[in-house]
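*Asks:* The structure file input_17.txt (compact mmCIF, C-alpha atoms) is provided below.
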# COMPACT_ATOMS: atom_id res chain seq x y z
CA MET A 1269 22.35 179.55 2.68
CA GLN A 1270 21.09 182.10 0.18
CA ASN A 1271 20.63 185.62 1.54
CA GLN A 1272 17.02 186.85 1.47
CA TYR A 1273 18.08 190.43 0.68
CA ASP A 1274 19.59 191.92 -2.47
CA LEU A 1275 22.86 193.18 -1.03
CA LYS A 1276 23.57 195.26 -4.14
CA ARG A 1277 20.28 197.14 -3.87
CA TYR A 1278 22.17 199.86 -1.99
CA ALA A 1279 25.84 200.77 -2.15
CA VAL A 1280 28.62 200.59 0.45
CA LEU A 1281 30.73 203.77 0.58
CA TYR A 1282 34.28 203.30 1.91
CA VAL A 1283 36.37 206.41 2.71
CA ASP A 1284 40.11 206.01 3.34
CA ASP A 1285 43.13 208.13 2.40
CA GLU A 1286 45.15 205.03 1.48
CA GLU A 1287 44.61 204.24 -2.19
CA LYS A 1288 45.78 200.64 -1.71
CA ALA A 1289 43.23 200.11 1.04
CA LEU A 1290 40.44 201.36 -1.23
CA LYS A 1291 41.47 199.07 -4.10
CA TYR A 1292 41.82 196.08 -1.79
CA PHE A 1293 38.40 196.71 -0.25
CA GLU A 1294 36.72 197.00 -3.65
CA LYS A 1295 38.45 193.90 -5.00
CA THR A 1296 37.66 191.82 -1.89
CA PHE A 1297 33.97 192.75 -1.47
CA GLY A 1298 32.99 194.00 -4.93
CA ASP A 1299 31.41 190.70 -5.98
CA GLU A 1300 28.91 190.75 -3.09
CA PHE A 1301 28.35 194.48 -2.64
CA ARG A 1302 28.13 197.58 -4.79
CA ILE A 1303 31.20 199.56 -3.68
CA LEU A 1304 31.78 203.33 -3.85
CA THR A 1305 35.05 204.86 -2.63
CA ALA A 1306 36.54 208.24 -1.70
CA ASN A 1307 40.02 209.08 -0.44
CA ASN A 1308 39.08 211.93 1.93
CA ALA A 1309 36.19 213.08 4.07
CA ALA A 1310 35.25 216.01 1.82
CA ASP A 1311 34.86 213.78 -1.25
CA GLY A 1312 33.00 211.20 0.81
CA LEU A 1313 30.54 213.84 2.01
CA LYS A 1314 30.06 215.06 -1.55
CA ILE A 1315 29.13 211.55 -2.70
CA ILE A 1316 26.62 211.29 0.15
CA GLU A 1317 25.10 214.64 -0.81
CA GLN A 1318 24.84 213.68 -4.48
CA ARG A 1319 24.01 209.97 -4.25
CA GLY A 1320 22.68 209.52 -0.74
CA GLU A 1321 19.56 207.67 -1.90
CA GLU A 1322 21.81 204.92 -3.33
CA ILE A 1323 23.95 204.38 -0.23
CA GLY A 1324 23.05 202.07 2.66
CA VAL A 1325 26.35 201.67 4.53
CA LEU A 1326 29.22 204.08 5.16
CA LEU A 1327 32.66 202.98 6.40
CA SER A 1328 35.28 205.59 7.16
CA ASP A 1329 38.87 205.38 8.34
CA GLN A 1330 39.43 207.55 11.41
CA ARG A 1331 42.95 208.85 10.63
CA MET A 1332 42.85 210.94 7.44
CA PRO A 1333 44.29 214.32 6.47
CA GLY A 1334 41.77 217.11 7.04
CA GLU A 1335 38.53 215.98 8.60
CA LYS A 1336 38.77 212.81 10.65
CA GLY A 1337 36.50 209.85 10.19
CA VAL A 1338 34.38 210.61 13.25
CA GLN A 1339 33.62 214.07 11.87
CA LEU A 1340 32.53 212.61 8.52
CA LEU A 1341 30.31 210.06 10.25
CA GLU A 1342 28.63 212.75 12.32
CA ARG A 1343 27.98 214.96 9.28
CA ALA A 1344 26.69 211.93 7.39
CA ARG A 1345 24.31 211.24 10.28
CA GLN A 1346 22.87 214.73 9.94
CA LEU A 1347 22.41 214.34 6.18
CA ARG A 1348 21.17 210.73 6.14
CA PRO A 1349 20.03 209.65 9.62
CA ARG A 1350 19.16 206.14 8.42
CA LEU A 1351 22.61 205.52 6.91
CA VAL A 1352 24.45 202.71 8.73
CA ARG A 1353 27.81 204.17 9.75
CA MET A 1354 30.97 202.29 10.76
CA MET A 1355 34.49 203.36 11.68
CA VAL A 1356 37.67 201.62 10.58
CA THR A 1357 40.26 202.34 13.23
CA ALA A 1358 43.54 201.25 14.79
CA TYR A 1359 43.80 200.39 18.48
CA ALA A 1360 45.46 203.75 19.17
CA ASP A 1361 42.14 205.45 18.36
CA TYR A 1362 40.19 203.30 20.83
CA ASP A 1363 39.05 206.24 23.00
CA VAL A 1364 37.70 208.13 19.97
CA THR A 1365 35.91 205.01 18.80
CA VAL A 1366 34.24 204.39 22.15
CA GLU A 1367 33.07 208.00 22.28
CA ALA A 1368 31.63 207.72 18.76
CA VAL A 1369 29.75 204.55 19.72
CA ASN A 1370 28.40 206.17 22.88
CA LEU A 1371 27.23 209.25 20.99
CA GLY A 1372 25.35 207.06 18.53
CA SER A 1373 27.43 208.18 15.58
CA ILE A 1374 28.37 204.65 14.47
CA PHE A 1375 26.81 201.21 14.14
CA ARG A 1376 30.08 199.50 15.14
CA TYR A 1377 33.82 199.79 14.55
CA ILE A 1378 36.24 197.61 12.56
CA SER A 1379 39.83 197.23 13.75
CA LYS A 1380 42.85 197.52 11.49
CA PRO A 1381 44.24 195.49 9.93
CA ILE A 1382 40.81 194.32 8.76
CA GLN A 1383 39.86 190.66 8.96
CA VAL A 1384 38.08 189.75 5.72
CA ASP A 1385 35.57 187.29 7.15
CA ASP A 1386 34.74 189.57 10.05
CA VAL A 1387 34.23 192.55 7.74
CA ARG A 1388 32.14 190.46 5.33
CA ASN A 1389 29.84 189.34 8.13
CA THR A 1390 29.61 192.89 9.47
CA LEU A 1391 28.74 194.28 6.03
CA HIS A 1392 26.03 191.63 5.66
CA ARG A 1393 24.46 192.57 8.98
CA ALA A 1394 24.79 196.30 8.32
CA MET A 1395 23.21 196.12 4.85
CA GLU A 1396 20.41 193.84 6.06
CA PHE A 1397 19.74 196.26 8.90
CA TYR A 1398 19.54 199.20 6.48
CA ILE A 1399 17.22 197.35 4.08
CA LEU A 1400 15.04 196.28 7.01
CA GLN A 1401 14.76 199.93 8.10
CA GLN A 1402 13.72 200.94 4.57
CA GLU A 1403 11.11 198.18 4.37
CA ARG A 1404 9.74 199.17 7.76
CA ASP A 1405 9.53 202.83 6.68
CA ASP A 1406 7.81 201.84 3.42
CA LEU A 1407 5.27 199.82 5.39
CA LEU A 1408 4.68 202.75 7.74
CA ARG A 1409 4.16 205.09 4.78
CA GLU A 1410 1.70 202.64 3.26
CA LYS A 1411 -0.26 202.41 6.52
CA LEU A 1412 -0.26 206.19 6.87
CA SER A 1413 -1.52 206.55 3.31
CA VAL A 1414 -4.41 204.21 4.08
CA LEU A 1415 -5.15 206.14 7.28
CA GLN A 1416 -4.96 209.44 5.42
CA ASN A 1417 -7.40 208.19 2.78
CA LEU A 1418 -9.82 206.99 5.46
CA LEU A 1419 -9.66 210.31 7.31
CA ILE A 1420 -10.21 212.32 4.11
CA THR A 1421 -13.17 210.11 3.20
CA ASP A 1422 -14.59 210.58 6.69
CA ARG A 1423 -14.13 214.35 6.47
CA VAL A 1424 -15.88 214.58 3.07
CA MET A 1425 -18.78 212.45 4.31
CA GLY A 1426 -19.04 214.49 7.48
CA LEU A 1427 -19.14 217.78 5.57
CA GLY A 1428 -21.79 216.32 3.29
CA VAL A 1429 -23.98 215.33 6.22
CA VAL A 1430 -23.54 218.74 7.89
CA ALA A 1431 -24.21 220.58 4.62
CA ALA A 1432 -27.35 218.54 4.03
CA GLY A 1433 -28.48 219.37 7.55
CA LEU A 1434 -28.06 223.08 6.82
CA ASN A 1435 -30.63 222.97 4.02
CA GLN A 1436 -33.18 224.57 6.35
CA HIS A 1437 -30.80 227.51 6.95
CA LEU A 1438 -28.63 227.71 3.80
CA ASN A 1439 -29.91 227.18 0.29
CA GLN A 1440 -28.11 224.71 -2.01
CA PRO A 1441 -25.20 223.85 0.34
CA LEU A 1442 -24.49 220.59 -1.45
CA ARG A 1443 -24.10 222.33 -4.81
CA ALA A 1444 -21.72 224.76 -3.15
CA VAL A 1445 -19.58 221.91 -1.78
CA HIS A 1446 -19.51 220.23 -5.21
CA ALA A 1447 -18.49 223.53 -6.86
CA PHE A 1448 -15.75 224.06 -4.30
CA LEU A 1449 -14.34 220.59 -4.99
CA ASP A 1450 -14.15 221.51 -8.69
CA LEU A 1451 -12.11 224.60 -7.88
CA THR A 1452 -8.57 223.19 -7.91
CA PRO A 1453 -7.48 220.88 -10.73
CA GLY A 1454 -4.66 218.96 -9.04
CA ARG A 1455 -4.93 216.01 -6.70
CA LEU A 1456 -3.78 216.34 -3.13
CA GLY A 1457 -0.62 214.26 -3.35
CA GLN A 1458 0.95 212.36 -0.50
CA GLN A 1459 1.75 214.34 2.62
CA ASN A 1460 5.52 214.39 3.21
CA PHE A 1461 5.63 212.60 6.54
CA VAL A 1462 8.79 212.82 8.65
CA LEU A 1463 8.88 209.22 9.87
CA ASP A 1464 11.09 209.92 12.88
CA ARG A 1465 8.54 212.48 14.04
CA LEU A 1466 5.78 209.87 13.80
CA ARG A 1467 7.65 207.63 16.22
CA GLU A 1468 7.64 210.32 18.90
CA ALA A 1469 4.97 209.88 21.54
CA THR A 1470 3.96 213.54 21.24
CA PHE A 1471 3.15 213.31 17.51
CA TRP A 1472 -0.17 211.53 17.91
CA ARG A 1473 -1.18 213.77 20.79
CA ASP A 1474 -0.38 216.83 18.66
CA PHE A 1475 -2.11 215.28 15.65
CA HIS A 1476 -5.25 214.63 17.71
CA GLY A 1477 -5.19 218.24 18.90
CA HIS A 1478 -4.80 219.47 15.32
CA VAL A 1479 -7.78 217.39 14.11
CA VAL A 1480 -9.93 218.63 16.99
CA GLN A 1481 -8.91 222.21 16.17
CA GLN A 1482 -9.73 221.74 12.47
CA SER A 1483 -13.09 220.15 13.22
CA SER A 1484 -13.97 222.87 15.72
CA ARG A 1485 -13.16 225.61 13.22
CA ILE A 1486 -15.27 223.93 10.53
CA ALA A 1487 -18.17 223.66 12.97
CA GLU A 1488 -17.69 227.30 13.98
CA LEU A 1489 -17.67 228.49 10.39
CA LEU A 1490 -20.81 226.53 9.50
CA GLY A 1491 -22.46 227.90 12.62
CA GLU A 1492 -21.50 231.45 11.62
CA LEU A 1493 -22.94 230.90 8.15
CA GLN A 1494 -26.14 229.51 9.64
CA SER A 1495 -26.52 232.55 11.93
CA ALA A 1496 -25.81 234.89 9.01
CA SER A 1497 -28.89 233.64 7.16
CA GLY A 1498 -32.21 235.33 7.80
CA ALA A 1499 -34.72 237.79 6.39
CA GLU A 1500 -33.95 239.43 3.05
CA HIS A 1501 -34.05 243.16 2.37
CA LYS A 1502 -33.17 245.35 -0.59
CA ILE A 1503 -29.63 246.70 -0.28
CA ASP A 1504 -27.37 249.04 -2.24
CA ALA A 1505 -24.75 246.54 -3.47
CA ALA A 1506 -22.15 249.20 -4.33
CA ALA A 1507 -22.38 250.84 -0.91
CA VAL A 1508 -22.19 247.54 0.98
CA ILE A 1509 -19.19 246.33 -1.05
CA GLN A 1510 -17.39 249.64 -0.53
CA ALA A 1511 -18.06 249.46 3.20
CA VAL A 1512 -16.59 245.93 3.44
CA ILE A 1513 -13.55 247.02 1.39
CA GLU A 1514 -12.91 249.88 3.81
CA GLN A 1515 -13.28 247.58 6.83
CA LEU A 1516 -10.53 245.31 5.52
CA ARG A 1517 -8.27 247.87 3.86
CA SER A 1518 -6.04 248.39 6.90
CA ALA A 1519 -5.33 244.64 7.13
CA PHE A 1520 -4.31 244.57 3.45
CA THR A 1521 -2.18 247.70 3.88
CA ALA A 1522 -0.45 246.22 6.93
CA LYS A 1523 0.58 243.21 4.84
CA GLY A 1524 1.67 245.38 1.89
CA ILE A 1525 -1.11 244.22 -0.46
CA GLU A 1526 -2.94 246.72 -2.67
CA LEU A 1527 -6.74 246.36 -2.61
CA LYS A 1528 -8.93 248.08 -5.22
CA PHE A 1529 -12.67 248.18 -5.88
CA GLU A 1530 -13.67 249.01 -9.46
CA PRO A 1531 -17.42 249.23 -10.13
CA THR A 1532 -18.57 249.70 -13.72
CA GLY A 1533 -21.84 251.59 -14.18
CA PRO A 1534 -24.72 251.43 -11.72
CA LEU A 1535 -24.94 248.18 -9.79
CA PRO A 1536 -28.23 246.41 -9.17
CA ALA A 1537 -30.02 246.62 -5.86
CA LEU A 1538 -30.01 243.17 -4.30
CA GLN A 1539 -32.86 241.54 -2.38
CA VAL A 1540 -30.66 239.60 0.06
CA ASN A 1541 -29.89 239.05 3.70
CA ARG A 1542 -27.30 241.78 4.29
CA PRO A 1543 -25.24 239.99 7.02
CA SER A 1544 -24.79 236.88 4.85
CA PHE A 1545 -23.86 239.00 1.79
CA GLU A 1546 -21.30 240.91 3.86
CA LYS A 1547 -19.99 237.64 5.32
CA MET A 1548 -19.45 236.25 1.80
CA LEU A 1549 -17.43 239.33 0.81
CA HIS A 1550 -15.37 239.12 4.02
CA LEU A 1551 -14.57 235.45 3.40
CA LEU A 1552 -13.51 236.07 -0.20
CA LEU A 1553 -11.18 238.89 0.81
CA GLN A 1554 -9.85 237.02 3.86
CA THR A 1555 -8.93 234.18 1.50
CA GLU A 1556 -6.86 236.62 -0.56
CA LEU A 1557 -5.27 238.11 2.54
CA ALA A 1558 -4.21 234.64 3.73
CA MET A 1559 -2.82 233.45 0.38
CA LEU A 1560 -1.05 236.47 -1.07
CA PRO A 1561 2.51 237.63 -0.36
CA THR A 1562 3.60 241.17 0.34
CA GLY A 1563 3.61 243.30 -2.82
CA ALA A 1564 0.63 241.62 -4.44
CA HIS A 1565 -2.47 243.43 -5.58
CA VAL A 1566 -6.15 242.47 -5.53
CA THR A 1567 -8.96 243.94 -7.59
CA LEU A 1568 -12.66 243.42 -7.01
CA SER A 1569 -14.57 244.63 -10.04
CA ALA A 1570 -18.37 244.82 -10.17
CA GLN A 1571 -20.96 245.34 -12.87
CA THR A 1572 -24.51 244.45 -13.81
CA ALA A 1573 -24.57 241.26 -15.88
CA ALA A 1574 -25.89 241.75 -19.41
CA GLU A 1575 -25.96 238.14 -20.64
CA ALA A 1576 -29.50 236.94 -21.26
CA ALA A 1577 -29.44 234.12 -18.72
CA ASP A 1578 -27.98 236.35 -15.99
CA ALA A 1579 -29.35 239.75 -17.01
CA GLY A 1580 -29.75 242.06 -14.03
CA SER A 1581 -27.54 239.95 -11.76
CA LEU A 1582 -24.55 241.31 -9.88
CA HIS A 1583 -21.33 240.13 -11.51
CA LEU A 1584 -18.27 240.35 -9.26
CA THR A 1585 -14.78 239.45 -10.48
CA LEU A 1586 -12.01 238.98 -7.94
CA THR A 1587 -8.51 238.93 -9.47
CA ASP A 1588 -5.00 238.94 -8.07
CA ASN A 1589 -1.41 238.51 -9.27
CA GLY A 1590 -0.48 235.84 -6.73
CA PRO A 1591 0.53 232.21 -7.18
CA GLY A 1592 -3.04 231.02 -7.73
CA LEU A 1593 -4.86 228.17 -6.06
CA SER A 1594 -3.07 224.91 -5.36
CA SER A 1595 -4.12 221.51 -4.11
CA ASP A 1596 -3.30 222.83 -0.61
CA VAL A 1597 -6.62 224.70 -0.74
CA LEU A 1598 -8.40 221.34 -0.80
CA ARG A 1599 -5.95 219.71 1.58
CA SER A 1600 -6.42 222.34 4.30
CA VAL A 1601 -10.14 221.51 4.42
CA PHE A 1602 -10.32 217.80 3.69
CA ASP A 1603 -7.02 216.31 4.88
CA PRO A 1604 -6.70 216.10 8.69
CA PHE A 1605 -3.00 215.27 8.20
CA TYR A 1606 -2.43 218.68 6.65
CA THR A 1607 -0.25 220.37 9.27
CA HIS A 1608 1.64 222.84 7.09
CA ALA A 1609 2.81 225.90 8.97
CA ASP A 1610 0.46 228.12 6.94
CA ALA A 1611 -2.56 225.87 7.39
CA GLY A 1612 -3.79 227.38 10.63
CA THR A 1613 -7.38 227.31 11.73
CA GLU A 1614 -8.05 230.32 9.51
CA GLY A 1615 -6.60 228.68 6.39
CA PRO A 1616 -7.72 230.00 2.99
CA GLY A 1617 -9.39 226.73 2.01
CA LEU A 1618 -11.97 226.87 4.77
CA THR A 1619 -12.79 230.55 4.33
CA LEU A 1620 -13.13 230.08 0.58
CA MET A 1621 -15.53 227.16 1.04
CA GLY A 1622 -17.60 229.38 3.33
CA ALA A 1623 -17.81 231.99 0.56
CA PHE A 1624 -19.02 229.29 -1.83
CA LEU A 1625 -21.74 228.22 0.61
CA LEU A 1626 -23.03 231.79 0.93
CA ALA A 1627 -22.87 232.53 -2.80
CA TYR A 1628 -25.02 229.48 -3.54
CA HIS A 1629 -27.27 230.38 -0.61
CA HIS A 1630 -28.11 233.57 -2.54
CA GLY A 1631 -28.93 231.54 -5.66
CA GLY A 1632 -25.61 232.49 -7.22
CA ARG A 1633 -22.50 230.64 -8.31
CA ILE A 1634 -18.72 230.96 -8.26
CA THR A 1635 -16.42 229.80 -11.06
CA SER A 1636 -12.67 230.06 -11.49
CA PRO A 1637 -11.27 230.20 -15.03
CA ARG A 1638 -7.87 228.52 -15.39
CA THR A 1639 -5.07 231.07 -15.73
CA ALA A 1640 -1.30 230.90 -16.11
CA LYS A 1641 -0.82 233.03 -13.01
CA GLY A 1642 -2.92 234.50 -10.28
CA LEU A 1643 -6.49 233.82 -9.28
CA ILE A 1644 -9.76 234.80 -10.93
CA LEU A 1645 -13.07 234.18 -9.20
CA ASP A 1646 -16.29 235.05 -11.05
CA ILE A 1647 -19.24 235.47 -8.71
CA LEU A 1648 -22.78 235.88 -10.04
CA LEU A 1649 -25.60 236.81 -7.66
CA PRO A 1650 -29.21 237.30 -8.85
CA ALA A 1651 -30.88 240.59 -7.93
CA VAL A 1652 -33.60 238.56 -6.21
CA ALA A 1653 -32.70 235.25 -4.63
CA PRO A 1654 -34.90 232.39 -5.81
CA VAL A 1655 -37.49 230.85 -3.54
CA PRO A 1656 -35.74 228.17 -1.47
CA LEU A 1657 -36.37 224.69 -2.76
CA ALA A 1658 -37.27 221.75 -0.59
CA PRO A 1659 -34.11 219.89 0.49
CA ALA A 1660 -34.52 217.14 -2.09
CA GLU A 1661 -30.88 216.07 -1.76
CA SER A 1662 -30.53 214.23 1.51
CA SER A 1663 -27.23 213.43 3.18
CA ARG A 1664 -27.71 209.81 2.10
CA GLU A 1665 -28.02 210.89 -1.54
CA PHE A 1666 -24.98 213.13 -1.17
CA ILE A 1667 -22.87 210.29 0.24
CA THR A 1668 -24.05 207.96 -2.53
CA ASN A 1669 -23.09 210.51 -5.17
CA VAL A 1670 -19.68 211.03 -3.57
CA LEU A 1671 -18.99 207.31 -3.42
CA MET A 1672 -19.82 206.95 -7.12
CA ASN A 1673 -17.74 209.98 -8.19
CA ASP A 1674 -14.43 208.53 -9.42
CA VAL A 1675 -13.14 211.92 -10.60
CA LEU A 1676 -13.67 213.45 -7.16
CA TRP A 1677 -11.78 210.67 -5.39
CA GLU A 1678 -9.01 210.77 -8.00
CA ARG A 1679 -8.42 214.39 -7.03
CA LEU A 1680 -8.93 214.09 -3.27
CA LEU A 1681 -7.09 210.92 -2.33
CA PRO A 1682 -3.29 210.93 -2.55
CA ASN A 1683 -3.07 207.35 -3.80
CA GLY A 1684 -6.58 206.93 -5.13
Could I get this structure in the form of structure tokens?

*Replies:*
Amino acid sequence: MQNQYDLKRYAVLYVDDEEKALKYFEKTFGDEFRILTANNAADGLKIIEQRGEEIGVLLSDQRMPGEKGVQLLERARQLRPRLVRMMVTAYADYDVTVEAVNLGSIFRYISKPIQVDDVRNTLHRAMEFYILQQERDDLLREKLSVLQNLLITDRVMGLGVVAAGLNQHLNQPLRAVHAFLDLTPGRLGQQNFVLDRLREATFWRDFHGHVVQQSSRIAELLGELQSASGAEHKIDAAAVIQAVIEQLRSAFTAKGIELKFEPTGPLPALQVNRPSFEKMLHLLLQTELAMLPTGAHVTLSAQTAAEAADAGSLHLTLTDNGPGLSSDVLRSVFDPFYTHADAGTEGPGLTLMGAFLLAYHHGGRITSPRTAKGLILDILLPAVAPVPLAPAESSREFITNVLMNDVLWERLLPNG
């Protein structure tokens, strides 16, 4: 009967200090299996470290100079938990073998002298078991990728609906969301799932808690932005910016980040809602504080725009010498599976999107020129915010536009 698996897809590594035993093993089973050999535990471990992706089954003799077989099998288990491990042992090592089996270090043991047919059948079962594990893991990854795509799609749609609903409180929220999505050039990429973790009962409970926490923070931020909107008054832009800088300076100093404000010439007086303008500045600087390492520096420069189309507007430029924006900025907002240690509920992606919403609320815009290193954000705010337009873009129109935007999905979905 023909075997349904390609038994040479992965290699069998045999470790034994007897050179004759290695040659005999390779000659006997080399036609059916891809055989790798090593004559001591150290060399065997080195092969696993260097070529672990190629190896499906590990056999090790117990009695060898230096490290014993059981020690190699245990270290191999730590390096490659899925590797099928077997011990070749004499009857005198029976107690060691039983202990290894009980500790879960080995799949089974093979007695010396080896019986060819028995070993052949055992290798077949071991390799089939390893391949079956790999196929099961591949299927799980595929299912998780589909789930991840569905959750990201749901999150984008949900934000679109919420943003559309904020039209009565925040101007142009949908344009702000579109601009934010254009911020980072790279696609999200597949989350690096630890499959063993997914099989733990606590994972899905923790994942649910993480999603609830993310969703709550998004709702809180949008609520804060809504409450920040209100009546507009003329403010001294330079004085307000300086006041916000001073409020946050101690936090930057505590993290070892230099923060500078560099105005050029007189700045325009702005006819804006002061709390929402201050909130935008706070969110921009909190983004920097979250992203930058100790030793970095941040500069917020300000001037009155002279270009014809923007003449009289406030032109802010936020620059730093950090690593720049990555796809994690998008992931922390749109991917519920994003559970990186730095993600947190105050992740830079969410605060930065809030700054975008408020900039567009004031009739302004934010752009980010591509640079080799660091981050540059150009913020333009008109001296007088335009009269709010009727919310012509409904949530239904937003969702339609999203569904038809191939470039957006190419960037957002890991396997889009």

*Asks:* Could you tell me which of A:Ile1647, A:Ala1519, A:Leu1412, A:Val1283 comes closest to Arg1633 (chain A) if we count all atoms listed in the file?

*Replies:*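 Looking only at the distances to Arg1633 (chain A), the closest residue turns out to be A:Ile1647.
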
*Asks:* Please, what distance in Å, to one decimal, runs between CA of Ala1537 (chain A) and CA of Ala1573 (chain A)?

*Replies:*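 Interatomic distance here is 12.6 Å.
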
*Asks:* Just the residues within 10 Å of Gln1554 (chain A), please, counting only C-alpha atoms, with nothing from its chain fewer than 2 positions along; format it as a count of residues only.

*Replies:* 18

*Asks:* Counting all atoms listed in the file, select every polymer residue within 12 Å of (28.8, 188.7, 4.6) as defined in the file's coordinates, and provide the selection as a list in words.

*Replies:*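 Those residues lying close to the given coordinates are Met1269, Gln1270, Asn1271, Tyr1273, Leu1275, Thr1296, Phe1297, Gly1298, Asp1299, Glu1300, Phe1301, Val1384, Asp1385, Asp1386, Val1387, Arg1388, Asn1389, Thr1390, Leu1391, His1392, Arg1393, Ala1394, Met1395 and Glu1396 of chain A.
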
*Asks:* From (25.3, 201.1, 4.7), in the file's coordinates, out to 7 Å: which residues are reached, counting only C-alpha atoms? Answer as a short mmCIF file (atom, residue, chain, number, x, y, z; two decimals) with C-alpha atoms, keeping the file's coordinate frame.

*Replies:*
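Contents of the output file selection_6.cif:
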data_model
loop_
_atom_site.label_atom_id
_atom_site.label_comp_id
_atom_site.auth_asym_id
_atom_site.auth_seq_id
_atom_site.Cartn_x
_atom_site.Cartn_y
_atom_site.Cartn_z
CA ALA A 1279 25.84 200.77 -2.15
CA VAL A 1280 28.62 200.59 0.45
CA ILE A 1323 23.95 204.38 -0.23
CA GLY A 1324 23.05 202.07 2.66
CA VAL A 1325 26.35 201.67 4.53
CA LEU A 1326 29.22 204.08 5.16
CA LEU A 1351 22.61 205.52 6.91
CA VAL A 1352 24.45 202.71 8.73
CA ARG A 1353 27.81 204.17 9.75
CA ALA A 1394 24.79 196.30 8.32
CA MET A 1395 23.21 196.12 4.85
CA TYR A 1398 19.54 199.20 6.48
#

*Asks:* What does the distance between CA of Val1424 (chain A) and CA of Gly1632 (chain A) come to in Å, to one decimal place?

*Replies:*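 CA of Gly1632 (chain A) lies at a distance of 22.8 Å from CA of Val1424 (chain A).
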
*Asks:* Rank A:Pro1561, A:Leu1618, A:Ala1344, A:Ser1636 by their smallest atom-to-atom distance to Leu1586 (chain A), using only C-alpha atoms, and report the top residue only.

*Replies:*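 Checking each candidate against Leu1586 (chain A), we get A:Ser1636 as the closest.
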
*Asks:* What's the separation between CA of Leu1415 (chain A) and CA of Gly1617 (chain A), in Å to one decimal place?

*Replies:*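 Result for CA of Leu1415 (chain A) versus CA of Gly1617 (chain A): 21.7 Å, one decimal.
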
*Asks:* Nearest to Leu1313 (chain A) among A:Val1445, A:Leu1527, A:Val1356, A:Leu1327, with distances taken over all atoms listed in the file: which residue is it?

*Replies:*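 Counting all atoms listed in the file, the residue closest to Leu1313 (chain A) is A:Leu1327.
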
*Asks:* Using only C-alpha atoms, find the one residue out of A:Val1480, A:Ala1570, A:Ile1303, A:Ala1309 that sits nearest to Arg1331 (chain A).

*Replies:* A:Ala1309

*Asks:* Contacts of Ile1316 (chain A) at 9 Å or less, counting only C-alpha atoms, minus same-chain residues fewer than 5 places along, as a PyMOL selection string?

*Replies:* chain A and resi 1281+1311+1321-1323+1344+1347-1348

*Asks:* Which of these residues is nearest to Ala1289 (chain A), using only C-alpha atoms: A:Pro1536, A:Pro1650, A:Pro1381, A:Pro1349?

*Replies:*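 The closest residue to Ala1289 (chain A) is A:Pro1381.
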
*Asks:* Pick from A:Tyr1278, A:Gln1510, A:Asn1417, A:Ala1306: nearest to Gly1320 (chain A), with all atoms listed in the file counted?

*Replies:*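 Among A:Tyr1278, A:Gln1510, A:Asn1417, A:Ala1306, it is A:Tyr1278 that comes nearest to Gly1320 (chain A).
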